[in-house]
$ cat structure.json   # JSON, C-alpha atoms
[["chain", "number", "residue", "atom", "x", "y", "z"],
["A", 1, "MET", "CA", 108.42, 112.64, 129.00],
["A", 2, "THR", "CA", 109.54, 109.27, 127.59],
["A", 3, "ARG", "CA", 107.44, 107.49, 130.20],
["A", 4, "LYS", "CA", 104.37, 109.45, 129.12],
["A", 5, "ILE", "CA", 104.93, 108.50, 125.48],
["A", 6, "ILE", "CA", 105.18, 104.84, 126.45],
["A", 7, "VAL", "CA", 101.97, 105.11, 128.45],
["A", 8, "VAL", "CA", 100.20, 106.69, 125.47],
["A", 9, "ALA", "CA", 101.49, 103.98, 123.12],
["A", 10, "VAL", "CA", 100.36, 101.21, 125.48],
["A", 11, "ALA", "CA", 96.96, 102.84, 125.86],
["A", 12, "LEU", "CA", 96.58, 102.99, 122.10],
["A", 13, "LEU", "CA", 97.52, 99.39, 121.63],
["A", 14, "ALA", "CA", 95.19, 98.26, 124.40],
["A", 15, "THR", "CA", 92.16, 100.25, 123.25],
["A", 16, "GLN", "CA", 92.76, 100.41, 119.48],
["A", 17, "ALA", "CA", 91.79, 104.07, 119.71],
["A", 18, "TRP", "CA", 93.00, 106.69, 117.27],
["A", 19, "ALA", "CA", 92.39, 109.57, 119.68],
["A", 20, "VAL", "CA", 93.81, 110.15, 123.14],
["A", 21, "ASN", "CA", 92.77, 112.73, 125.68],
["A", 22, "LYS", "CA", 95.45, 114.75, 127.43],
["A", 23, "CYS", "CA", 94.03, 115.70, 130.82],
["A", 24, "THR", "CA", 95.50, 118.17, 133.31],
["A", 25, "GLY", "CA", 94.20, 117.76, 136.84],
["A", 26, "PRO", "CA", 93.65, 120.55, 139.40],
["A", 27, "ASP", "CA", 97.04, 119.63, 140.91],
["A", 28, "GLY", "CA", 98.77, 120.21, 137.54],
["A", 29, "LYS", "CA", 99.49, 116.54, 136.86],
["A", 30, "VAL", "CA", 99.06, 115.46, 133.25],
["A", 31, "SER", "CA", 97.60, 112.11, 132.24],
["A", 32, "TYR", "CA", 96.76, 110.54, 128.91],
["A", 33, "GLN", "CA", 93.65, 108.38, 128.53],
["A", 34, "ALA", "CA", 91.21, 107.03, 125.99],
["A", 35, "ALA", "CA", 88.19, 108.24, 127.99],
["A", 36, "PRO", "CA", 87.24, 111.94, 128.03],
["A", 37, "CYS", "CA", 88.71, 114.05, 130.85],
["A", 38, "SER", "CA", 86.72, 114.38, 134.06],
["A", 39, "ALA", "CA", 84.85, 117.59, 134.86],
["A", 40, "ALA", "CA", 87.58, 118.55, 137.38],
["A", 41, "ALA", "CA", 90.34, 118.26, 134.77],
["A", 42, "SER", "CA", 90.96, 120.40, 131.75],
["A", 43, "GLY", "CA", 91.90, 118.59, 128.61],
["A", 44, "GLU", "CA", 92.27, 118.33, 124.91],
["A", 45, "ALA", "CA", 91.78, 115.52, 122.44],
["A", 46, "LEU", "CA", 94.93, 114.52, 120.59],
["A", 47, "LYS", "CA", 94.33, 113.06, 117.15],
["A", 48, "LEU", "CA", 96.90, 110.45, 116.28],
["A", 49, "GLN", "CA", 97.69, 109.30, 112.79],
["A", 50, "PRO", "CA", 97.95, 105.56, 112.23],
["A", 51, "VAL", "CA", 101.45, 104.30, 111.53],
["A", 52, "PRO", "CA", 101.60, 103.03, 107.95],
["A", 53, "GLU", "CA", 102.52, 99.40, 107.61],
["A", 54, "SER", "CA", 105.95, 98.74, 106.18],
["A", 55, "ALA", "CA", 106.04, 97.25, 102.73],
["A", 56, "PRO", "CA", 107.70, 93.82, 102.66],
["A", 57, "GLU", "CA", 110.61, 95.17, 100.63],
["A", 58, "ASP", "CA", 111.25, 97.88, 103.24],
["A", 59, "VAL", "CA", 111.58, 95.23, 105.94],
["A", 60, "GLN", "CA", 113.85, 93.20, 103.66],
["A", 61, "PHE", "CA", 116.03, 96.23, 102.85],
["A", 62, "ASN", "CA", 116.29, 97.28, 106.51],
["A", 63, "ASN", "CA", 117.36, 93.75, 107.45],
["A", 64, "ALA", "CA", 119.98, 93.82, 104.69],
["A", 65, "VAL", "CA", 121.28, 97.20, 105.92],
["A", 66, "SER", "CA", 121.65, 95.85, 109.46],
["A", 67, "GLN", "CA", 123.69, 92.95, 108.04],
["A", 68, "GLY", "CA", 125.88, 95.23, 105.89],
["A", 69, "ARG", "CA", 124.43, 93.97, 102.59],
["A", 70, "VAL", "CA", 123.31, 95.93, 99.52],
["A", 71, "MET", "CA", 120.44, 94.84, 97.26],
["A", 72, "VAL", "CA", 118.93, 95.94, 93.95],
["A", 73, "GLY", "CA", 115.98, 98.26, 94.62],
["A", 74, "MET", "CA", 117.50, 99.90, 97.72],
["A", 75, "SER", "CA", 117.61, 103.66, 97.99],
["A", 76, "ALA", "CA", 120.92, 105.50, 97.91],
["A", 77, "THR", "CA", 120.44, 106.33, 101.60],
["A", 78, "GLN", "CA", 120.07, 102.65, 102.49],
["A", 79, "VAL", "CA", 123.29, 101.82, 100.60],
["A", 80, "ARG", "CA", 125.18, 104.50, 102.52],
["A", 81, "ARG", "CA", 123.81, 103.13, 105.80],
["A", 82, "ALA", "CA", 124.93, 99.62, 104.84],
["A", 83, "TRP", "CA", 128.34, 100.35, 103.32],
["A", 84, "GLY", "CA", 129.14, 103.98, 104.11],
["A", 85, "THR", "CA", 130.31, 106.65, 101.71],
["A", 86, "PRO", "CA", 131.68, 105.32, 98.40],
["A", 87, "THR", "CA", 135.37, 105.73, 97.66],
["A", 88, "LYS", "CA", 134.49, 107.36, 94.33],
["A", 89, "VAL", "CA", 131.32, 108.28, 92.39],
["A", 90, "ASN", "CA", 131.12, 108.53, 88.61],
["A", 91, "ALA", "CA", 127.93, 110.29, 87.52],
["A", 92, "SER", "CA", 126.17, 111.15, 84.29],
["A", 93, "VAL", "CA", 123.03, 113.21, 83.89],
["A", 94, "GLY", "CA", 120.83, 113.36, 80.82],
["A", 95, "SER", "CA", 117.23, 113.42, 79.68],
["A", 96, "TYR", "CA", 116.93, 109.85, 81.02],
["A", 97, "GLY", "CA", 117.82, 110.95, 84.56],
["A", 98, "ARG", "CA", 120.87, 110.56, 86.77],
["A", 99, "HIS", "CA", 123.05, 107.45, 86.61],
["A", 100, "GLU", "CA", 125.85, 106.89, 89.08],
["A", 101, "GLN", "CA", 128.54, 104.28, 89.51],
["A", 102, "TRP", "CA", 129.59, 104.04, 93.15],
["A", 103, "ILE", "CA", 132.98, 102.47, 93.70],
["A", 104, "TYR", "CA", 133.84, 100.88, 97.03],
["A", 105, "ASN", "CA", 137.47, 99.84, 97.51],
["A", 106, "ARG", "CA", 137.49, 96.91, 99.89],
["A", 107, "GLY", "CA", 141.18, 96.61, 100.67],
["A", 108, "GLY", "CA", 143.92, 96.00, 98.15],
["A", 109, "PHE", "CA", 142.79, 95.84, 94.54],
["A", 110, "VAL", "CA", 139.28, 94.52, 95.24],
["A", 111, "SER", "CA", 136.49, 96.91, 94.32],
["A", 112, "GLN", "CA", 132.73, 96.62, 94.45],
["A", 113, "TYR", "CA", 130.47, 98.68, 92.22],
["A", 114, "VAL", "CA", 126.94, 99.85, 92.92],
["A", 115, "TYR", "CA", 124.97, 101.34, 90.03],
["A", 116, "VAL", "CA", 122.34, 103.89, 91.06],
["A", 117, "GLN", "CA", 119.68, 105.25, 88.70],
["A", 118, "ASN", "CA", 117.69, 108.22, 89.96],
["A", 119, "GLY", "CA", 118.46, 107.36, 93.61],
["A", 120, "VAL", "CA", 117.68, 103.62, 93.40],
["A", 121, "VAL", "CA", 120.14, 100.73, 93.08],
["A", 122, "SER", "CA", 119.79, 99.14, 89.62],
["A", 123, "SER", "CA", 122.67, 96.65, 89.81],
["A", 124, "ILE", "CA", 125.66, 95.56, 91.87],
["A", 125, "GLN", "CA", 128.98, 94.26, 90.59],
["A", 126, "SER", "CA", 131.16, 92.33, 92.98],
["A", 127, "PRO", "CA", 134.30, 90.21, 92.46],
["A", 128, "GLU", "CA", 132.56, 87.27, 94.18]]

$ encode --input "structure.json" --output "structure tokens"
Amino acid sequence: MTRKIIVVAVALLATQAWAVNKCTGPDGKVSYQAAPCSAAASGEALKLQPVPESAPEDVQFNNAVSQGRVMVGMSATQVRRAWGTPTKVNASVGSYGRHEQWIYNRGGFVSQYVYVQNGVVSSIQSPE
């Protein structure tokens, strides 16, 4: 199955097509192609959605996550992927939304704080 997906991806890249035909031959073998299926094969057209381009900040945030760094503007999920679960969370909720202070104890008495407003990092406080 993985091999078929790779073949489909390569075919799409090579032809710049947004539709692929899944053809099943008389022998039961399945193939994927940009051209319509032959008369001897039964088939169906698969409509593929284009992959949205990543925004520059998404690429930047994903690079930071892979390096174990946290940045203002990241989502709460990205912070957890970069640093894991906080040691403690202080939260307040009001008409202005949800504000959280995430505390990460980094050995000994050193703590780092991540401030999250409505699921997005607004600031970071570090002893450095």

$ closest_atom_pairs --input "structure.json" --of "segment 20-92 of chain A" --to "segment 115-123 of chain A" --cutoff "12 Å" --atoms "only C-alpha atoms" --output "CSV"
residue,atom,partner,partner_atom,distance
A:Phe61,CA,A:Val121,CA,11.5
A:Val70,CA,A:Val121,CA,8.6
A:Met71,CA,A:Val121,CA,7.2
A:Val72,CA,A:Val121,CA,5.0
A:Gly73,CA,A:Val121,CA,5.1
A:Met74,CA,A:Val121,CA,5.4
A:Ser75,CA,A:Val120,CA,4.6
A:Ala76,CA,A:Gly119,CA,5.3
A:Thr77,CA,A:Gly119,CA,8.3
A:Gln78,CA,A:Val120,CA,9.4
A:Val79,CA,A:Val121,CA,8.2
A:Arg80,CA,A:Val121,CA,11.3
A:Pro86,CA,A:Tyr115,CA,11.4
A:Val89,CA,A:Tyr115,CA,9.7
A:Asn90,CA,A:Tyr115,CA,9.6
A:Ala91,CA,A:Val116,CA,9.2
A:Ser92,CA,A:Gln117,CA,9.8

$ write_last_selection --input "structure.json" --atoms "C-alpha atoms" --output "CSV table (one decimal), in the coordinates of the input"
chain,number,residue,atom,x,y,z
A,61,PHE,CA,116.0,96.2,102.8
A,70,VAL,CA,123.3,95.9,99.5
A,71,MET,CA,120.4,94.8,97.3
A,72,VAL,CA,118.9,95.9,94.0
A,73,GLY,CA,116.0,98.3,94.6
A,74,MET,CA,117.5,99.9,97.7
A,75,SER,CA,117.6,103.7,98.0
A,76,ALA,CA,120.9,105.5,97.9
A,77,THR,CA,120.4,106.3,101.6
A,78,GLN,CA,120.1,102.6,102.5
A,79,VAL,CA,123.3,101.8,100.6
A,80,ARG,CA,125.2,104.5,102.5
A,86,PRO,CA,131.7,105.3,98.4
A,89,VAL,CA,131.3,108.3,92.4
A,90,ASN,CA,131.1,108.5,88.6
A,91,ALA,CA,127.9,110.3,87.5
A,92,SER,CA,126.2,111.2,84.3

$ closest_residue --input "structure.json" --among "A:Ala39, A:Ala82, A:Leu48, A:Ala55" --to "Ala19 of chain A" --atoms "all atoms listed in the file"
A:Leu48

$ atom_distance --input "structure.json" --atom1 "atom CA of Glu44 of chain A" --atom2 "atom CA of Thr24 of chain A"
9.0 Å

$ atom_distance --input "structure.json" --atom1 "atom CA of Asn21 of chain A" --atom2 "atom CA of Ala34 of chain A"
5.9 Å

$ closest_residue --input "structure.json" --among "A:Gly25, A:Pro127, A:Gly68, A:Pro56" --to "Ala41 of chain A" --atoms "all atoms listed in the file"
A:Gly25

$ decode --input "structure.json" --residues "segment 94-109 of chain A" --atoms "all heavy atoms" --output "short mmCIF file (atom, residue, chain, number, x, y, z; two decimals), in the first residue's frame"
data_model
loop_
_atom_site.label_atom_id
_atom_site.label_comp_id
_atom_site.auth_asym_id
_atom_site.auth_seq_id
_atom_site.Cartn_x
_atom_site.Cartn_y
_atom_site.Cartn_z
N GLY A 94 -11.57 34.69 32.04
CA GLY A 94 -12.46 35.83 32.20
C GLY A 94 -13.05 36.22 30.86
O GLY A 94 -12.91 35.49 29.87
N SER A 95 -13.68 37.37 30.82
CA SER A 95 -14.29 37.83 29.57
C SER A 95 -13.24 38.10 28.49
O SER A 95 -13.56 38.13 27.32
CB SER A 95 -15.10 39.11 29.83
OG SER A 95 -14.24 40.12 30.33
N TYR A 96 -12.00 38.25 28.88
CA TYR A 96 -10.89 38.50 27.96
C TYR A 96 -10.30 37.21 27.41
O TYR A 96 -9.41 37.24 26.58
CB TYR A 96 -9.79 39.28 28.68
CG TYR A 96 -9.45 38.67 30.02
CD1 TYR A 96 -8.56 37.60 30.10
CD2 TYR A 96 -10.05 39.12 31.18
CE1 TYR A 96 -8.27 37.01 31.32
CE2 TYR A 96 -9.77 38.53 32.41
CZ TYR A 96 -8.87 37.48 32.47
OH TYR A 96 -8.60 36.89 33.66
N GLY A 97 -10.77 36.06 27.88
CA GLY A 97 -10.27 34.78 27.41
C GLY A 97 -9.55 34.01 28.50
O GLY A 97 -9.72 34.27 29.68
N ARG A 98 -8.73 33.07 28.08
CA ARG A 98 -8.00 32.21 29.01
C ARG A 98 -6.52 32.58 28.98
O ARG A 98 -5.91 32.62 27.93
CB ARG A 98 -8.18 30.75 28.62
CG ARG A 98 -7.50 29.77 29.55
CD ARG A 98 -7.81 28.32 29.15
NE ARG A 98 -7.15 27.39 30.04
CZ ARG A 98 -7.67 26.93 31.18
NH1 ARG A 98 -8.88 27.32 31.54
NH2 ARG A 98 -7.01 26.10 31.94
N HIS A 99 -5.97 32.84 30.16
CA HIS A 99 -4.55 33.15 30.31
C HIS A 99 -3.94 32.08 31.20
O HIS A 99 -4.50 31.74 32.25
CB HIS A 99 -4.36 34.53 30.95
CG HIS A 99 -4.77 35.65 30.05
ND1 HIS A 99 -3.89 36.62 29.64
CD2 HIS A 99 -5.95 35.96 29.47
CE1 HIS A 99 -4.52 37.47 28.86
NE2 HIS A 99 -5.77 37.09 28.75
N GLU A 100 -2.80 31.56 30.77
CA GLU A 100 -2.13 30.52 31.54
C GLU A 100 -0.66 30.86 31.72
O GLU A 100 -0.03 31.44 30.82
CB GLU A 100 -2.24 29.17 30.83
CG GLU A 100 -3.66 28.68 30.66
CD GLU A 100 -3.75 27.39 29.86
OE1 GLU A 100 -2.82 27.08 29.08
OE2 GLU A 100 -4.78 26.71 30.00
N GLN A 101 -0.15 30.50 32.87
CA GLN A 101 1.28 30.58 33.14
C GLN A 101 1.75 29.14 33.28
O GLN A 101 1.32 28.42 34.16
CB GLN A 101 1.56 31.34 34.43
CG GLN A 101 3.04 31.37 34.79
CD GLN A 101 3.27 31.84 36.22
OE1 GLN A 101 2.62 31.35 37.14
NE2 GLN A 101 4.18 32.78 36.38
N TRP A 102 2.60 28.70 32.35
CA TRP A 102 3.15 27.35 32.40
C TRP A 102 4.52 27.43 33.04
O TRP A 102 5.38 28.20 32.60
CB TRP A 102 3.28 26.76 31.00
CG TRP A 102 1.97 26.50 30.31
CD1 TRP A 102 0.73 26.90 30.69
CD2 TRP A 102 1.80 25.79 29.09
NE1 TRP A 102 -0.22 26.47 29.78
CE2 TRP A 102 0.42 25.78 28.79
CE3 TRP A 102 2.68 25.16 28.22
CZ2 TRP A 102 -0.10 25.17 27.67
CZ3 TRP A 102 2.16 24.54 27.10
CH2 TRP A 102 0.79 24.54 26.83
N ILE A 103 4.72 26.62 34.05
CA ILE A 103 5.99 26.61 34.77
C ILE A 103 6.73 25.33 34.44
O ILE A 103 6.18 24.23 34.58
CB ILE A 103 5.77 26.72 36.29
CG1 ILE A 103 4.96 27.98 36.60
CG2 ILE A 103 7.10 26.70 37.04
CD1 ILE A 103 4.44 28.05 38.03
N TYR A 104 7.96 25.48 34.00
CA TYR A 104 8.83 24.34 33.71
C TYR A 104 10.01 24.40 34.67
O TYR A 104 10.79 25.36 34.63
CB TYR A 104 9.36 24.39 32.27
CG TYR A 104 8.33 24.04 31.23
CD1 TYR A 104 7.51 25.02 30.68
CD2 TYR A 104 8.18 22.73 30.79
CE1 TYR A 104 6.56 24.70 29.72
CE2 TYR A 104 7.23 22.40 29.83
CZ TYR A 104 6.43 23.38 29.30
OH TYR A 104 5.49 23.06 28.35
N ASN A 105 10.13 23.42 35.56
CA ASN A 105 11.29 23.34 36.44
C ASN A 105 12.39 22.61 35.70
O ASN A 105 12.22 21.48 35.27
CB ASN A 105 10.94 22.61 37.74
CG ASN A 105 10.03 23.43 38.62
OD1 ASN A 105 10.03 24.65 38.54
ND2 ASN A 105 9.23 22.77 39.43
N ARG A 106 13.51 23.29 35.54
CA ARG A 106 14.63 22.74 34.77
C ARG A 106 15.79 22.38 35.69
O ARG A 106 16.89 22.86 35.54
CB ARG A 106 15.09 23.75 33.72
CG ARG A 106 14.04 24.14 32.73
CD ARG A 106 13.78 23.01 31.79
NE ARG A 106 12.93 23.46 30.70
CZ ARG A 106 12.47 22.66 29.79
NH1 ARG A 106 12.77 21.39 29.81
NH2 ARG A 106 11.70 23.11 28.84
N GLY A 107 15.53 21.56 36.67
CA GLY A 107 16.58 21.11 37.58
C GLY A 107 16.89 22.17 38.64
O GLY A 107 17.04 23.34 38.34
N GLY A 108 16.97 21.74 39.86
CA GLY A 108 17.29 22.67 40.95
C GLY A 108 16.22 23.71 41.13
O GLY A 108 15.03 23.44 41.13
N PHE A 109 16.66 24.96 41.27
CA PHE A 109 15.74 26.08 41.52
C PHE A 109 15.44 26.89 40.25
O PHE A 109 14.79 27.90 40.30
CB PHE A 109 16.31 27.00 42.60
CG PHE A 109 16.45 26.30 43.92
CD1 PHE A 109 17.69 25.85 44.35
CD2 PHE A 109 15.34 26.08 44.72
CE1 PHE A 109 17.81 25.19 45.56
CE2 PHE A 109 15.46 25.42 45.93
CZ PHE A 109 16.70 24.97 46.36
#
